[in-house]
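Structure first, commentary second.
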Number of protein chains: 2
Amino acid sequence: MAVQTAASTTDSTAVDLGPAAALSCRECGHRVPLGPVFACEECFGPLEIAYDFSSYDAEELRKRIEAGPANIWRYAPLLPVPADVADKPNLNPGWTKLVKADNLARELGVTGGLYVKDDSGNPTHSFKDRVVAQALEAARAFGFTTLSCSSTGNLAGAVGAAAARAGFRSCVFIPHDLEQGKIVMAAIYGGDLVGIEGNYDDVNRFCSELIGDPAGEGWGFVNVNLRPYYAEGSKTLAYEICEQLGWRLPDQIVVPIASGSQLTKIDKGLQELIKLGLVEDRPYKIFGAQAEGCSPVSTAFKAGHDVVRPQKPDTIAKSLAIGNPADGPYVLDIARRTGGAVEDVTDAQIVDAIKLLARTEGVFAETAGGVTVGVTKKLIDNGVLDPTLTTVVLNTGDGLKTLDAVAGTGLTATIRPTLDSFREAGLA
Amino acid sequence: MAVQTAASTTDSTAVDLGPAAALSCRECGHRVPLGPVFACEECFGPLEIAYDFSSYDAEELRKRIEAGPANIWRYAPLLPVPADVADKPNLNPGWTKLVKADNLARELGVTGGLYVKDDSGNPTHSFKDRVVAQALEAARAFGFTTLSCSSTGNLAGAVGAAAARAGFRSCVFIPHDLEQGKIVMAAIYGGDLVGIEGNYDDVNRFCSELIGDPAGEGWGFVNVNLRPYYAEGSKTLAYEICEQLGWRLPDQIVVPIASGSQLTKIDKGLQELIKLGLVEDRPYKIFGAQAEGCSPVSTAFKAGHDVVRPQKPDTIAKSLAIGNPADGPYVLDIARRTGGAVEDVTDAQIVDAIKLLARTEGVFAETAGGVTVGVTKKLIDNGVLDPTLTTVVLNTGDGLKTLDAVAGTGLTATIRPTLDSFREAGLA
């Protein structure tokens, strides 16, 4: 199989991915050298990056970070990337705004400080730029020349853009009947964009076949054979939030759940900052947010289950519509361990929350942002989230990408171009 | 008239807009106190901000700027805003990426260093956030409570978002038959969005009437009675470009022309940096870029005229489609004085340039960015722009806002989900 070949022919001593020391199985702890592999050969558990941070002094590290660039590479010492990553051509995502949301706080009754981490400010306007940037560096390290993925939206654009700038070929696979607007957003970067006759499951199955075939040799699938590297990008959300709060942990953080990977990596990032002495060790709670139309983790949480039963997604929050989330059990574990929760909201509540955030803070979120804001409101109403504590809500994408979800939003009034008509409309 | 009333009842000594000392007529130099006025009472020339920078020491100022926030407010000492502006609720635009465009440089044959100043990274994804942020501070200073404008696109969203965050009412006027997508982008922020039965000229005429009517009292029209303040926001593009180049003037800069205001203010910003000693005084050339379908300034430049003859716009570059640009004569003057030029490109060239920029740098520009990149290519091909010099090209907005312009961009191939089908398509 091409994956194993690639792993065994890569001399791990030649791979410079900074502090990344090995791949380690999340289930059994088995370690293997850094390579383009994602499943443990012992137990088939997911592999993740094991780091060597032993040489870091907290004060020196903090200064080094603060003197770094205004993007995720300020955290290069904590990521699986070479030390000179900032000099290589990439989109330099991250260091997005942490918006102090005082107006929204008033509406929701939050008195302890409410913040929106607004990842719509990334180069292709979603958090995917963070994870793709890590996968790109791994692809460079492993000598890949094509960047690939299966996608139904945000990821396609992030991969296409990152590959274009880095001088990689890209080949992105999507269901052939995606909306024209989404096709344009992905195709504009000039890589190969291949429509698969079938649904998203068919696309994924095809990609898995391609990885095992000679035709896929030299290809880095960002969320498959590069997944352990890719996933680490979400740690930067945790780092940025803490640094932007003045090197302080938030008390509560509300994170959307698709595969669940982002939530687990935010927890990993917070734990690293504690262990490295960059923030004071205090309790924090992580809350997961889903759409009711795709709420397998929320359903399991409420039922007290440890396993997540797959669902068939039916929601406007398409970027979160993963019915069988790989990291669901880990999310349940983290929500329970930290004293958080997992909750879901209806499509109507998602739309209301998008409008609420736009109206109060001037931030136009995609549907995933409507999910987190809506869940935050619900958790406060239910007494689960403490409004007297510092709370951070993630917005992981831009409203311009999901205009259809709020298509009903329209004109206040239509008038003739006269003052009389203006007055008649009651607008003065 | 309400405008004059507002001006005469505003005690200019009570208005704190930082270094802004007065309004000064660009034509006759007549000075009036700071107020919501935009035309000279002596000669009807345009009023602009006169500053008092006399107390600044170059080295201290540079340090103060570098220690400032990662947004336009790092330049507060050079803008008509109070010193504590960064503490007030606003969208904090600016400090967008200056992308070193090495791939594009290779394609265009630029050897002296090519950069794209990418203003799609602003909160509502166009440079309009910069100018609206200034107008908002002026509105606060003059005691206005409603922020307003006429618009057909980017400005509507920028005003709606800024007003929402600042706690202002907003009332934005648009032609009633705008595309639904553009209406959603403006309406989402929850302010009043009023459709006017008529074209954009009718909307503008109505707004001018409203300013003179009691119904418009307390209203700040960002690009009418607040225009002198508003326009200054474009200076921040010049400041950022120079600081991001390491406090150095670019040799050549390519700027889109709508009203022409942005180009004149970029020149003003560069001149200020020279006078303040923040950059070394060296020659620089400013080039203006228009779409052929709305090229009144380019036409006048090529004909050697000093006056600009209005045109009826017909181009996909709608954000630049101003047929009678108010600052056209000033643009001609600056292009000639600095040794630059004004050029235009066809709609087909605009689309090609959007794709070129996306394919080489992973930056998806709106049509205005296609205009500047296309004009840059044309000016190099014609031998007007020197490829051995450091060149900065502006992208003032995001491709997601003008998807229609590149709607033809599509799939490379459509295949069945099998390796055979993949190989048949020649993609391996």
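Here's how to read the names in the structure tokens: chain A, B, ... by the order shown, residue numbers from 1 in each chain, ligand numbers from 1 in the order shown.
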Margin query: Based on only C-alpha atoms, which of the residues in chain A come within 7 Å of chain B? I want them as a PyMOL selection string.
Written below: chain A and resi 121+123+161-162+164-165+176+181+183-184+187-190+192-197+202-203+206+210+215+355+358-363+400+403+407+409-419+428
Fit chain A to chain B: least squares, all C-alpha atoms, paired in order; write the output as a tab-separated table (two decimals) with C-alpha atoms, in the first residue's frame.
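Saved result, part.tsv, follows:
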chain	number	residue	atom	x	y	z
A	1	MET	CA	-29.84	73.94	5.59
A	2	ALA	CA	-29.21	71.25	8.15
A	3	VAL	CA	-25.55	70.87	7.21
A	4	GLN	CA	-24.74	74.50	7.87
A	5	THR	CA	-26.74	74.47	11.06
A	6	ALA	CA	-24.81	71.50	12.28
A	7	ALA	CA	-21.52	73.15	11.38
A	8	SER	CA	-22.31	76.44	13.03
A	9	THR	CA	-23.69	74.90	16.22
A	10	THR	CA	-20.68	72.62	16.68
A	11	ASP	CA	-18.15	74.28	18.93
A	12	SER	CA	-14.92	73.30	17.21
A	13	THR	CA	-12.92	73.65	20.41
A	14	ALA	CA	-15.03	70.85	21.86
A	15	VAL	CA	-14.38	68.50	18.95
A	16	ASP	CA	-11.49	66.18	19.72
A	17	LEU	CA	-10.34	64.60	16.50
A	18	GLY	CA	-6.69	64.27	17.49
A	19	PRO	CA	-4.28	66.03	15.13
A	20	ALA	CA	-7.07	67.29	12.84
A	21	ALA	CA	-6.93	71.08	13.22
A	22	ALA	CA	-9.41	72.39	10.66
A	23	LEU	CA	-11.00	71.79	7.29
A	24	SER	CA	-9.15	73.34	4.40
A	25	CYS	CA	-10.34	73.87	0.82
A	26	ARG	CA	-8.32	71.89	-1.66
A	27	GLU	CA	-8.87	74.59	-4.29
A	28	CYS	CA	-8.56	77.96	-2.52
A	29	GLY	CA	-7.08	77.02	0.87
A	30	HIS	CA	-9.92	78.66	2.83
A	31	ARG	CA	-10.06	77.15	6.34
A	32	VAL	CA	-13.13	76.45	8.45
A	33	PRO	CA	-13.50	74.76	11.83
A	34	LEU	CA	-13.99	70.99	11.96
A	35	GLY	CA	-17.62	70.16	11.29
A	36	PRO	CA	-19.92	68.05	9.15
A	37	VAL	CA	-19.34	70.09	5.99
A	38	PHE	CA	-17.73	69.03	2.76
A	39	ALA	CA	-17.76	71.97	0.32
A	40	CYS	CA	-15.94	75.29	0.61
A	41	GLU	CA	-18.28	78.21	1.30
A	42	GLU	CA	-16.00	80.48	-0.79
A	43	CYS	CA	-15.43	78.47	-3.96
A	44	PHE	CA	-17.40	75.20	-3.55
A	45	GLY	CA	-14.13	73.24	-3.73
A	46	PRO	CA	-13.78	70.03	-1.71
A	47	LEU	CA	-12.79	70.40	1.92
A	48	GLU	CA	-10.12	68.17	3.38
A	49	ILE	CA	-8.50	67.74	6.78
A	50	ALA	CA	-5.64	70.05	7.77
A	51	TYR	CA	-3.46	68.58	10.49
A	52	ASP	CA	-1.15	69.86	13.15
A	53	PHE	CA	1.75	67.40	13.20
A	54	SER	CA	4.21	70.01	14.49
A	55	SER	CA	4.88	68.33	17.83
A	56	TYR	CA	5.98	64.98	16.36
A	57	ASP	CA	9.52	63.65	16.55
A	58	ALA	CA	10.16	61.08	13.80
A	59	GLU	CA	11.83	58.47	15.97
A	60	GLU	CA	9.28	58.72	18.78
A	61	LEU	CA	6.41	58.59	16.32
A	62	ARG	CA	7.77	55.50	14.61
A	63	LYS	CA	8.14	53.72	17.96
A	64	ARG	CA	4.65	54.76	19.01
A	65	ILE	CA	3.21	53.39	15.77
A	66	GLU	CA	5.13	50.12	16.00
A	67	ALA	CA	3.90	49.61	19.57
A	68	GLY	CA	0.30	50.25	18.49
A	69	PRO	CA	-2.47	47.76	17.75
A	70	ALA	CA	-2.48	45.53	14.64
A	71	ASN	CA	-5.07	47.71	12.90
A	72	ILE	CA	-5.40	51.24	11.47
A	73	TRP	CA	-5.40	52.78	14.95
A	74	ARG	CA	-1.65	52.32	15.16
A	75	TYR	CA	-1.71	55.43	12.94
A	76	ALA	CA	-4.14	57.36	15.15
A	77	PRO	CA	-1.58	60.20	15.53
A	78	LEU	CA	-1.92	60.81	11.78
A	79	LEU	CA	-5.71	60.51	11.48
A	80	PRO	CA	-8.73	62.69	12.35
A	81	VAL	CA	-9.61	60.57	15.39
A	82	PRO	CA	-9.26	61.00	19.14
A	83	ALA	CA	-6.18	59.51	20.80
A	84	ASP	CA	-8.27	56.86	22.62
A	85	VAL	CA	-9.97	55.66	19.44
A	86	ALA	CA	-8.72	52.09	19.87
A	87	ASP	CA	-10.76	51.77	23.08
A	88	LYS	CA	-14.05	52.65	21.38
A	89	PRO	CA	-16.24	49.96	19.82
A	90	ASN	CA	-15.48	49.74	16.12
A	91	LEU	CA	-14.43	47.06	13.64
A	92	ASN	CA	-10.70	47.79	13.94
A	93	PRO	CA	-9.94	47.32	10.25
A	94	GLY	CA	-6.58	47.44	8.53
A	95	TRP	CA	-3.11	46.02	8.99
A	96	THR	CA	-4.00	43.67	6.16
A	97	LYS	CA	-1.40	41.47	4.55
A	98	LEU	CA	1.20	42.81	2.13
A	99	VAL	CA	1.64	39.59	0.15
A	100	LYS	CA	5.05	39.12	-1.45
A	101	ALA	CA	3.85	37.88	-4.82
A	102	ASP	CA	6.87	35.98	-6.13
A	103	ASN	CA	4.84	33.64	-8.33
A	104	LEU	CA	2.94	36.50	-9.94
A	105	ALA	CA	6.20	38.41	-10.33
A	106	ARG	CA	7.67	35.51	-12.30
A	107	GLU	CA	4.62	35.39	-14.59
A	108	LEU	CA	4.73	39.13	-15.20
A	109	GLY	CA	8.51	39.37	-15.43
A	110	VAL	CA	8.84	41.67	-12.41
A	111	THR	CA	12.30	41.37	-10.91
A	112	GLY	CA	12.32	44.33	-8.53
A	113	GLY	CA	9.87	42.83	-6.01
A	114	LEU	CA	6.11	42.60	-6.46
A	115	TYR	CA	3.61	42.90	-3.60
A	116	VAL	CA	-0.17	42.68	-3.36
A	117	LYS	CA	-1.73	44.79	-0.62
A	118	ASP	CA	-4.69	42.53	0.12
A	119	ASP	CA	-7.55	44.47	1.65
A	120	SER	CA	-9.94	41.53	1.34
A	121	GLY	CA	-8.71	40.75	4.86
A	122	ASN	CA	-10.71	43.63	6.36
A	123	PRO	CA	-13.71	42.83	8.59
A	124	THR	CA	-16.32	43.17	5.83
A	125	HIS	CA	-13.72	42.24	3.20
A	126	SER	CA	-13.14	45.51	1.42
A	127	PHE	CA	-11.10	48.68	1.97
A	128	LYS	CA	-14.37	50.49	2.79
A	129	ASP	CA	-13.94	49.44	6.44
A	130	ARG	CA	-10.96	51.83	6.61
A	131	VAL	CA	-12.90	54.88	5.49
A	132	VAL	CA	-16.11	54.08	7.34
A	133	ALA	CA	-14.12	53.75	10.58
A	134	GLN	CA	-12.97	57.38	10.20
A	135	ALA	CA	-16.49	58.60	9.38
A	136	LEU	CA	-17.76	56.79	12.48
A	137	GLU	CA	-15.35	58.69	14.73
A	138	ALA	CA	-16.37	61.99	13.14
A	139	ALA	CA	-20.03	61.05	13.63
A	140	ARG	CA	-19.33	60.40	17.32
A	141	ALA	CA	-17.50	63.73	17.63
A	142	PHE	CA	-20.38	65.65	16.02
A	143	GLY	CA	-23.02	63.94	18.13
A	144	PHE	CA	-24.68	62.08	15.27
A	145	THR	CA	-26.61	58.95	16.16
A	146	THR	CA	-27.43	57.56	12.72
A	147	LEU	CA	-24.85	56.43	10.17
A	148	SER	CA	-26.03	56.50	6.57
A	149	CYS	CA	-24.89	56.23	2.97
A	150	SER	CA	-25.98	55.51	-0.55
A	151	SER	CA	-24.39	52.40	-1.96
A	152	THR	CA	-24.58	49.64	-4.50
A	153	GLY	CA	-22.39	47.18	-2.63
A	154	ASN	CA	-19.31	47.19	-0.43
A	155	LEU	CA	-20.11	50.44	1.37
A	156	ALA	CA	-23.55	49.27	2.51
A	157	GLY	CA	-22.07	46.31	4.37
A	158	ALA	CA	-19.21	48.34	5.84
A	159	VAL	CA	-21.61	50.99	7.20
A	160	GLY	CA	-24.09	48.42	8.51
A	161	ALA	CA	-21.41	46.44	10.32
A	162	ALA	CA	-19.61	49.46	11.78
A	163	ALA	CA	-22.88	51.00	13.03
A	164	ALA	CA	-23.98	47.71	14.59
A	165	ARG	CA	-20.79	47.35	16.59
A	166	ALA	CA	-20.68	51.01	17.62
A	167	GLY	CA	-24.29	51.05	18.77
A	168	PHE	CA	-25.37	53.54	16.08
A	169	ARG	CA	-28.58	53.30	14.12
A	170	SER	CA	-27.82	52.77	10.43
A	171	CYS	CA	-29.98	53.62	7.46
A	172	VAL	CA	-28.53	52.66	4.11
A	173	PHE	CA	-30.08	53.55	0.76
A	174	ILE	CA	-29.71	51.30	-2.27
A	175	PRO	CA	-31.44	50.89	-5.63
A	176	HIS	CA	-34.42	48.62	-4.87
A	177	ASP	CA	-33.54	46.09	-7.58
A	178	LEU	CA	-30.04	45.10	-6.40
A	179	GLU	CA	-29.16	41.39	-6.58
A	180	GLN	CA	-30.53	39.44	-3.61
A	181	GLY	CA	-27.03	38.39	-2.48
A	182	LYS	CA	-25.92	42.02	-2.13
A	183	ILE	CA	-29.09	42.86	-0.24
A	184	VAL	CA	-28.43	40.03	2.23
A	185	MET	CA	-24.80	41.15	2.75
A	186	ALA	CA	-26.04	44.61	3.73
A	187	ALA	CA	-29.24	43.67	5.56
A	188	ILE	CA	-27.71	41.05	7.84
A	189	TYR	CA	-26.41	43.70	10.27
A	190	GLY	CA	-29.96	44.62	11.19
A	191	GLY	CA	-29.96	48.32	10.36
A	192	ASP	CA	-32.54	49.93	8.10
A	193	LEU	CA	-31.89	49.07	4.48
A	194	VAL	CA	-34.09	51.11	2.20
A	195	GLY	CA	-34.66	50.28	-1.46
A	196	ILE	CA	-35.21	53.35	-3.62
A	197	GLU	CA	-37.36	53.00	-6.73
A	198	GLY	CA	-34.82	54.34	-9.18
A	199	ASN	CA	-31.19	53.97	-10.19
A	200	TYR	CA	-28.06	54.86	-8.22
A	201	ASP	CA	-28.24	58.49	-9.37
A	202	ASP	CA	-31.77	58.70	-7.95
A	203	VAL	CA	-30.51	57.26	-4.67
A	204	ASN	CA	-27.76	59.86	-4.46
A	205	ARG	CA	-30.07	62.72	-5.32
A	206	PHE	CA	-32.48	61.58	-2.63
A	207	CYS	CA	-29.67	61.43	-0.04
A	208	SER	CA	-28.62	65.00	-0.86
A	209	GLU	CA	-32.21	66.11	-0.28
A	210	LEU	CA	-32.37	64.24	2.99
A	211	ILE	CA	-29.21	65.94	4.29
A	212	GLY	CA	-30.86	69.31	3.78
A	213	ASP	CA	-34.12	68.26	5.43
A	214	PRO	CA	-35.03	68.16	9.14
A	215	ALA	CA	-35.64	64.40	8.70
A	216	GLY	CA	-31.91	64.02	8.14
A	217	GLU	CA	-30.79	65.92	11.23
A	218	GLY	CA	-28.41	63.94	13.38
A	219	TRP	CA	-27.51	61.76	10.41
A	220	GLY	CA	-23.95	61.24	9.31
A	221	PHE	CA	-23.77	60.33	5.62
A	222	VAL	CA	-20.32	58.79	5.54
A	223	ASN	CA	-19.50	59.80	1.98
A	224	VAL	CA	-21.37	63.14	1.92
A	225	ASN	CA	-21.39	65.36	5.01
A	226	LEU	CA	-18.65	63.25	6.64
A	227	ARG	CA	-16.67	62.85	3.42
A	228	PRO	CA	-13.58	64.89	4.47
A	229	TYR	CA	-13.07	62.53	7.45
A	230	TYR	CA	-14.15	59.38	5.61
A	231	ALA	CA	-11.72	59.93	2.74
A	232	GLU	CA	-8.71	60.15	5.08
A	233	GLY	CA	-9.07	56.44	5.84
A	234	SER	CA	-7.38	55.63	2.55
A	235	LYS	CA	-4.16	57.22	3.84
A	236	THR	CA	-3.75	54.16	6.04
A	237	LEU	CA	-3.10	52.05	2.94
A	238	ALA	CA	-0.05	54.19	2.22
A	239	TYR	CA	1.13	54.03	5.84
A	240	GLU	CA	0.77	50.26	6.04
A	241	ILE	CA	2.50	49.60	2.74
A	242	CYS	CA	5.52	51.70	3.75
A	243	GLU	CA	5.74	50.23	7.26
A	244	GLN	CA	5.34	46.68	5.92
A	245	LEU	CA	8.15	47.36	3.43
A	246	GLY	CA	10.34	48.30	6.40
A	247	TRP	CA	9.52	52.03	6.43
A	248	ARG	CA	10.35	52.42	2.79
A	249	LEU	CA	8.45	53.98	-0.12
A	250	PRO	CA	7.50	51.62	-2.94
A	251	ASP	CA	8.89	52.67	-6.31
A	252	GLN	CA	5.60	52.07	-8.09
A	253	ILE	CA	2.06	51.59	-6.83
A	254	VAL	CA	-1.02	50.59	-8.82
A	255	VAL	CA	-4.32	51.88	-7.41
A	256	PRO	CA	-7.89	51.39	-8.68
A	257	ILE	CA	-9.91	54.47	-9.57
A	258	ALA	CA	-13.59	54.84	-8.70
A	259	SER	CA	-14.10	58.43	-7.48
A	260	GLY	CA	-10.32	58.80	-7.46
A	261	SER	CA	-10.33	59.69	-3.77
A	262	GLN	CA	-8.35	56.62	-2.71
A	263	LEU	CA	-5.50	57.38	-5.09
A	264	THR	CA	-5.24	61.02	-3.98
A	265	LYS	CA	-5.23	60.01	-0.30
A	266	ILE	CA	-2.55	57.39	-0.86
A	267	ASP	CA	-0.42	60.14	-2.38
A	268	LYS	CA	-1.23	62.38	0.59
A	269	GLY	CA	-0.23	59.59	3.00
A	270	LEU	CA	3.09	59.01	1.25
A	271	GLN	CA	3.83	62.75	1.28
A	272	GLU	CA	3.07	62.92	5.01
A	273	LEU	CA	5.47	60.06	5.77
A	274	ILE	CA	8.18	61.87	3.82
A	275	LYS	CA	7.57	65.18	5.56
A	276	LEU	CA	7.48	63.52	8.98
A	277	GLY	CA	10.79	61.81	8.28
A	278	LEU	CA	9.35	58.30	8.62
A	279	VAL	CA	10.58	57.28	5.18
A	280	GLU	CA	13.44	58.45	3.02
A	281	ASP	CA	12.36	60.92	0.33
A	282	ARG	CA	12.75	59.10	-2.98
A	283	PRO	CA	10.77	59.31	-6.21
A	284	TYR	CA	7.68	57.11	-6.47
A	285	LYS	CA	5.20	56.67	-9.29
A	286	ILE	CA	1.45	56.24	-8.84
A	287	PHE	CA	-0.52	54.41	-11.50
A	288	GLY	CA	-4.31	54.53	-11.77
A	289	ALA	CA	-6.35	51.54	-12.95
A	290	GLN	CA	-9.80	51.56	-14.52
A	291	ALA	CA	-12.08	49.20	-16.39
A	292	GLU	CA	-12.45	50.02	-20.06
A	293	GLY	CA	-16.22	50.11	-19.55
A	294	CYS	CA	-15.79	53.00	-17.12
A	295	SER	CA	-12.55	54.74	-18.01
A	296	PRO	CA	-13.11	58.50	-17.88
A	297	VAL	CA	-9.81	59.19	-16.12
A	298	SER	CA	-7.79	56.83	-18.26
A	299	THR	CA	-9.31	58.37	-21.39
A	300	ALA	CA	-8.44	61.89	-20.21
A	301	PHE	CA	-4.91	60.82	-19.26
A	302	LYS	CA	-4.23	59.32	-22.67
A	303	ALA	CA	-5.69	62.35	-24.46
A	304	GLY	CA	-3.59	64.73	-22.40
A	305	HIS	CA	-6.65	66.44	-20.97
A	306	ASP	CA	-6.88	68.12	-17.58
A	307	VAL	CA	-10.62	67.66	-17.30
A	308	VAL	CA	-12.48	64.38	-17.10
A	309	ARG	CA	-15.44	63.84	-19.37
A	310	PRO	CA	-18.19	61.74	-17.73
A	311	GLN	CA	-19.02	58.28	-19.09
A	312	LYS	CA	-21.95	55.93	-18.69
A	313	PRO	CA	-20.46	52.88	-16.93
A	314	ASP	CA	-20.80	49.41	-18.44
A	315	THR	CA	-18.38	46.99	-16.79
A	316	ILE	CA	-18.30	43.99	-14.46
A	317	ALA	CA	-16.12	46.08	-12.10
A	318	LYS	CA	-19.17	47.57	-10.38
A	319	SER	CA	-17.28	48.85	-7.34
A	320	LEU	CA	-15.30	51.12	-9.71
A	321	ALA	CA	-18.24	52.13	-11.92
A	322	ILE	CA	-18.34	55.86	-11.22
A	323	GLY	CA	-18.77	57.59	-14.55
A	324	ASN	CA	-18.15	61.11	-13.23
A	325	PRO	CA	-15.31	60.73	-10.71
A	326	ALA	CA	-15.10	63.73	-8.38
A	327	ASP	CA	-11.35	63.47	-7.86
A	328	GLY	CA	-10.53	62.66	-11.49
A	329	PRO	CA	-8.58	65.90	-12.16
A	330	TYR	CA	-6.49	65.38	-9.00
A	331	VAL	CA	-5.73	61.82	-10.10
A	332	LEU	CA	-4.52	63.10	-13.49
A	333	ASP	CA	-2.33	65.61	-11.72
A	334	ILE	CA	-0.76	63.02	-9.40
A	335	ALA	CA	-0.19	60.44	-12.16
A	336	ARG	CA	1.56	63.09	-14.27
A	337	ARG	CA	3.52	64.69	-11.41
A	338	THR	CA	4.90	61.36	-10.16
A	339	GLY	CA	5.66	59.98	-13.64
A	340	GLY	CA	2.92	57.37	-13.40
A	341	ALA	CA	0.04	56.73	-15.78
A	342	VAL	CA	-3.63	55.79	-15.93
A	343	GLU	CA	-4.62	52.71	-17.90
A	344	ASP	CA	-7.69	50.52	-18.39
A	345	VAL	CA	-8.46	46.88	-19.18
A	346	THR	CA	-11.41	45.08	-20.71
A	347	ASP	CA	-13.85	42.92	-18.73
A	348	ALA	CA	-12.23	39.81	-20.24
A	349	GLN	CA	-8.82	41.02	-19.07
A	350	ILE	CA	-10.27	41.65	-15.61
A	351	VAL	CA	-11.49	38.06	-15.37
A	352	ASP	CA	-8.14	36.73	-16.62
A	353	ALA	CA	-6.34	38.83	-14.03
A	354	ILE	CA	-8.57	37.60	-11.18
A	355	LYS	CA	-7.72	34.03	-12.20
A	356	LEU	CA	-4.03	34.87	-12.62
A	357	LEU	CA	-3.79	36.28	-9.09
A	358	ALA	CA	-5.72	33.34	-7.59
A	359	ARG	CA	-3.66	30.76	-9.49
A	360	THR	CA	-0.29	32.29	-8.60
A	361	GLU	CA	-0.80	33.62	-5.07
A	362	GLY	CA	-3.96	32.02	-3.69
A	363	VAL	CA	-5.60	35.45	-3.41
A	364	PHE	CA	-9.18	35.63	-4.70
A	365	ALA	CA	-9.81	39.27	-5.60
A	366	GLU	CA	-13.02	41.05	-6.45
A	367	THR	CA	-13.27	42.65	-9.85
A	368	ALA	CA	-11.45	45.80	-8.66
A	369	GLY	CA	-8.43	43.59	-7.91
A	370	GLY	CA	-8.70	42.14	-11.39
A	371	VAL	CA	-8.54	45.70	-12.71
A	372	THR	CA	-5.31	46.57	-10.87
A	373	VAL	CA	-3.57	43.27	-11.66
A	374	GLY	CA	-4.73	43.45	-15.28
A	375	VAL	CA	-3.54	47.04	-15.62
A	376	THR	CA	-0.20	46.12	-14.03
A	377	LYS	CA	0.28	43.41	-16.65
A	378	LYS	CA	-0.69	45.78	-19.46
A	379	LEU	CA	1.61	48.54	-18.21
A	380	ILE	CA	4.53	46.10	-18.06
A	381	ASP	CA	3.75	44.76	-21.54
A	382	ASN	CA	3.63	48.34	-22.84
A	383	GLY	CA	6.92	49.25	-21.17
A	384	VAL	CA	5.28	51.91	-18.99
A	385	LEU	CA	5.80	50.18	-15.65
A	386	ASP	CA	9.41	49.28	-14.86
A	387	PRO	CA	9.66	45.60	-13.87
A	388	THR	CA	13.02	46.14	-12.17
A	389	LEU	CA	11.47	48.38	-9.49
A	390	THR	CA	9.57	47.53	-6.28
A	391	THR	CA	5.90	47.51	-7.20
A	392	VAL	CA	2.79	47.32	-5.02
A	393	VAL	CA	-0.61	46.41	-6.48
A	394	LEU	CA	-3.78	47.03	-4.49
A	395	ASN	CA	-6.54	44.47	-4.10
A	396	THR	CA	-9.35	46.41	-2.45
A	397	GLY	CA	-11.99	43.70	-2.06
A	398	ASP	CA	-12.88	40.03	-1.89
A	399	GLY	CA	-13.74	37.70	-4.73
A	400	LEU	CA	-16.61	36.22	-2.73
A	401	LYS	CA	-18.42	39.51	-3.30
A	402	THR	CA	-18.28	39.32	-7.08
A	403	LEU	CA	-18.66	35.60	-7.76
A	404	ASP	CA	-20.86	36.34	-10.77
A	405	ALA	CA	-17.91	37.85	-12.63
A	406	VAL	CA	-16.10	34.50	-12.68
A	407	ALA	CA	-19.16	32.25	-12.78
A	408	GLY	CA	-17.75	30.39	-15.77
A	409	THR	CA	-14.96	28.89	-13.66
A	410	GLY	CA	-15.78	25.25	-13.16
A	411	LEU	CA	-14.76	21.64	-12.84
A	412	THR	CA	-11.64	20.27	-14.51
A	413	ALA	CA	-13.42	16.96	-15.06
A	414	THR	CA	-16.37	14.92	-13.89
A	415	ILE	CA	-15.66	11.24	-13.25
A	416	ARG	CA	-17.23	8.14	-11.75
A	417	PRO	CA	-15.86	7.20	-8.31
A	418	THR	CA	-13.41	4.64	-9.71
A	419	LEU	CA	-9.68	4.58	-10.37
A	420	ASP	CA	-10.31	3.59	-13.98
A	421	SER	CA	-12.46	6.64	-14.54
A	422	PHE	CA	-9.79	8.77	-12.84
A	423	ARG	CA	-7.08	7.41	-15.14
A	424	GLU	CA	-9.25	7.83	-18.23
A	425	ALA	CA	-9.65	11.52	-17.40
A	426	GLY	CA	-5.87	11.95	-17.62
A	427	LEU	CA	-5.59	13.29	-14.08
A	428	ALA	CA	-3.06	10.84	-12.62
Check: Could you pull out the strand (DSSP E or B) residues of range 19-244 of chain B from DSSP and send them as a ChimeraX atom specification?
Finding: /B:20-25,31-32,39,46-51,98-100,114-118,126,146-150,169-175,192-196,219-221
